[in-house]
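Visitor: I'd like to ask some things about the structure below.
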Amino acid sequence: MIGRQFPLALEFLPALGRADFLIAPCNQAAAALVDAWPDWPGPHALVYGPAACGKTHLLTAWREKSGASLLDPATLSVDGLDRVLESGVPAWALDGLEGVTDERLLFHLLNSVRERGGHLLMTARAAPARLPYALPDLTSRLAAATAVAIEPPDDDLLAGLLIKLFMDRRLAVDPDVVAYILPRIERSFAAIHEAVTALDRAGLAAKRRVTVALVRQVLFQ
């Protein structure tokens, strides 16, 4: 007897170029910050906003433009940080600032970028004043960074994002699918991402196209 077959969790490559970033009033200032580099007011910049709102997309686009090295918040150490700072272009990117729990290490990073005349673009879920840091010198440095928010999306951006995510996964959907989903789904970036992921998996498992009937079955029963 052949057991039930489940779809493989196949990797897909989202389009993360600057031209692929969908501009709307909620994220226009953040995109403008990336476009303005290297003419920033100071060495440090921060883009903050809710999950899945496009922070990593903008960070990736900025890295392509600046040649910045990517710093991993989970593995940052003083020795490793100094090695990265001493090599390559004087531009660095840190995706997920909250992942750096060593406050003195983060303060060292901010100071080192300034001393080298470089630039650092960071992303975070919250504004500098709401980040979980207490070291006065560090909070002062973060408060001085150019910080730009990505606000909650409007309906036009949600529709565009939904279409883009389907295209990233090479899913051909009819316009009625998008029209059916939008009035019924939570108005957030994360909800759109989760919906497309669920529909992709369900369609693959059932060997079906993503239709209104599949959407109704998977998302809204």
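Within each chain, counting starts at residue 1; across the structure tokens, chains are named A, B, ... in the order shown, with ligands numbered 1 upward in that order.
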Give me, as a list in words, all polymer residues having an atom no more than 7 Å from Val100 in chain A, counting only C-alpha atoms and skipping those fewer than 4 positions away in the same chain.

Guide: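 That gives Pro73, Ala74 and Leu106 of chain A.
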
Visitor: Residues within 8 Å of Leu199 in chain A, please, as a list in words. Count only C-alpha atoms; anything in the same chain fewer than 6 positions from it doesn't count.

Guide: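 Once the adjacent positions are removed, what remains is Val210, Leu214, Val215 and Val218 of chain A.
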
Visitor: Please list as a list in words every residue within 9 Å of His108 in chain A, counting only C-alpha atoms and excluding residues in the same chain fewer than 5 positions away.

Guide: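 Here the answer would be Val78, Glu103, Val113 and Leu138 of chain A.
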
Visitor: List every residue of range 93-119 of chain A that has an atom at most 8 Å from any atom of range 25-46 of chain A, giving for each one its closest atom pair and the distance in Å to one decimal, counting only C-alpha atoms, sorted by chain and then by ascending residue number, as a Markdown table.

Guide:
| residue | atom | partner | partner_atom | distance |
| --- | --- | --- | --- | --- |
| A:Leu110 | CA | A:His44 | CA | 7.4 |
| A:Val113 | CA | A:Pro43 | CA | 7.0 |
| A:Arg114 | CA | A:Pro43 | CA | 5.9 |
| A:Gly117 | CA | A:Pro43 | CA | 7.2 |
| A:Gly118 | CA | A:Pro43 | CA | 6.1 |
| A:His119 | CA | A:Pro43 | CA | 4.5 |

Visitor: I'd like to know which residues of range 39-95 of chain A are helix (DSSP H, G or I) (by DSSP, run on the backbone); could you write them as a list of chain:residue names?

Guide: A:Lys55, A:Thr56, A:His57, A:Leu58, A:Leu59, A:Thr60, A:Ala61, A:Trp62, A:Arg63, A:Glu64, A:Lys65, A:Ser66, A:Val78, A:Asp79, A:Gly80, A:Leu81, A:Asp82, A:Arg83, A:Val84, A:Leu85

Visitor: Next, write the just-selected residues to a file, as a PDB file, in the first residue's frame, keeping N, CA and C atoms as the atom set.

Guide:
ATOM      1  N   LYS A  55      10.805  45.030   5.313  1.00  0.00           N
ATOM      2  CA  LYS A  55      12.073  45.544   5.842  1.00  0.00           C
ATOM      3  C   LYS A  55      13.265  44.805   5.229  1.00  0.00           C
ATOM      4  N   THR A  56      13.183  43.475   5.200  1.00  0.00           N
ATOM      5  CA  THR A  56      14.280  42.688   4.635  1.00  0.00           C
ATOM      6  C   THR A  56      14.432  42.956   3.144  1.00  0.00           C
ATOM      7  N   HIS A  57      13.329  43.154   2.462  1.00  0.00           N
ATOM      8  CA  HIS A  57      13.371  43.480   1.034  1.00  0.00           C
ATOM      9  C   HIS A  57      14.179  44.764   0.817  1.00  0.00           C
ATOM     10  N   LEU A  58      13.866  45.804   1.577  1.00  0.00           N
ATOM     11  CA  LEU A  58      14.593  47.058   1.437  1.00  0.00           C
ATOM     12  C   LEU A  58      16.063  46.908   1.831  1.00  0.00           C
ATOM     13  N   LEU A  59      16.321  46.144   2.871  1.00  0.00           N
ATOM     14  CA  LEU A  59      17.702  45.912   3.295  1.00  0.00           C
ATOM     15  C   LEU A  59      18.488  45.220   2.180  1.00  0.00           C
ATOM     16  N   THR A  60      17.860  44.239   1.537  1.00  0.00           N
ATOM     17  CA  THR A  60      18.508  43.526   0.435  1.00  0.00           C
ATOM     18  C   THR A  60      18.778  44.457  -0.735  1.00  0.00           C
ATOM     19  N   ALA A  61      17.799  45.304  -1.060  1.00  0.00           N
ATOM     20  CA  ALA A  61      17.984  46.265  -2.147  1.00  0.00           C
ATOM     21  C   ALA A  61      19.118  47.236  -1.821  1.00  0.00           C
ATOM     22  N   TRP A  62      19.197  47.660  -0.558  1.00  0.00           N
ATOM     23  CA  TRP A  62      20.272  48.578  -0.162  1.00  0.00           C
ATOM     24  C   TRP A  62      21.628  47.896  -0.231  1.00  0.00           C
ATOM     25  N   ARG A  63      21.697  46.636   0.124  1.00  0.00           N
ATOM     26  CA  ARG A  63      22.964  45.906   0.035  1.00  0.00           C
ATOM     27  C   ARG A  63      23.437  45.810  -1.413  1.00  0.00           C
ATOM     28  N   GLU A  64      22.497  45.602  -2.328  1.00  0.00           N
ATOM     29  CA  GLU A  64      22.871  45.550  -3.739  1.00  0.00           C
ATOM     30  C   GLU A  64      23.432  46.894  -4.206  1.00  0.00           C
ATOM     31  N   LYS A  65      22.857  47.964  -3.691  1.00  0.00           N
ATOM     32  CA  LYS A  65      23.288  49.302  -4.090  1.00  0.00           C
ATOM     33  C   LYS A  65      24.612  49.695  -3.442  1.00  0.00           C
ATOM     34  N   SER A  66      24.782  49.351  -2.177  1.00  0.00           N
ATOM     35  CA  SER A  66      25.921  49.843  -1.399  1.00  0.00           C
ATOM     36  C   SER A  66      27.080  48.859  -1.319  1.00  0.00           C
ATOM     37  N   VAL A  78      32.592  40.241  19.422  1.00  0.00           N
ATOM     38  CA  VAL A  78      33.545  41.337  19.271  1.00  0.00           C
ATOM     39  C   VAL A  78      34.609  40.984  18.243  1.00  0.00           C
ATOM     40  N   ASP A  79      35.187  39.786  18.352  1.00  0.00           N
ATOM     41  CA  ASP A  79      36.236  39.385  17.417  1.00  0.00           C
ATOM     42  C   ASP A  79      35.698  39.294  15.994  1.00  0.00           C
ATOM     43  N   GLY A  80      34.552  38.619  15.835  1.00  0.00           N
ATOM     44  CA  GLY A  80      33.973  38.473  14.507  1.00  0.00           C
ATOM     45  C   GLY A  80      33.554  39.799  13.916  1.00  0.00           C
ATOM     46  N   LEU A  81      33.028  40.677  14.747  1.00  0.00           N
ATOM     47  CA  LEU A  81      32.593  41.993  14.282  1.00  0.00           C
ATOM     48  C   LEU A  81      33.777  42.809  13.783  1.00  0.00           C
ATOM     49  N   ASP A  82      34.866  42.804  14.515  1.00  0.00           N
ATOM     50  CA  ASP A  82      36.034  43.575  14.102  1.00  0.00           C
ATOM     51  C   ASP A  82      36.588  43.069  12.773  1.00  0.00           C
ATOM     52  N   ARG A  83      36.559  41.759  12.560  1.00  0.00           N
ATOM     53  CA  ARG A  83      37.043  41.214  11.291  1.00  0.00           C
ATOM     54  C   ARG A  83      36.174  41.690  10.131  1.00  0.00           C
ATOM     55  N   VAL A  84      34.856  41.681  10.331  1.00  0.00           N
ATOM     56  CA  VAL A  84      33.954  42.124   9.268  1.00  0.00           C
ATOM     57  C   VAL A  84      34.120  43.610   8.998  1.00  0.00           C
ATOM     58  N   LEU A  85      34.258  44.395  10.054  1.00  0.00           N
ATOM     59  CA  LEU A  85      34.368  45.842   9.897  1.00  0.00           C
ATOM     60  C   LEU A  85      35.652  46.254   9.187  1.00  0.00           C
TER      61      LEU A  85
END

Visitor: Could you work out how far CA of Gln217 in chain A lies from CA of Leu165 in chain A, giving the answer in Å with one decimal?

Guide: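 These two atoms are separated by 19.7 Å.
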
Visitor: List every residue of range 21-61 of chain A that has an atom at most 7 Å from any atom of range 175-196 of chain A, and for each one report the closest atom pair and its distance in Å to one decimal, counting only C-alpha atoms, with rows sorted by chain and then by increasing residue number, as CSV.

Guide:
residue,atom,partner,partner_atom,distance
A:Ala51,CA,A:Ala190,CA,5.9
A:Ala52,CA,A:Ala190,CA,5.2
A:Cys53,CA,A:Phe189,CA,5.3

Visitor: As a PyMOL selection string, which residues of range 122-160 of chain A does DSSP assign to strand (DSSP E or B)?

Guide: chain A and resi 122-124+146-149

Visitor: One decimal, in Å: what's the spacing between CA of Ala126 in chain A and CA of Ser69 in chain A?

Guide: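 Separation of CA of Ala126 in chain A and CA of Ser69 in chain A: 22.9 Å.
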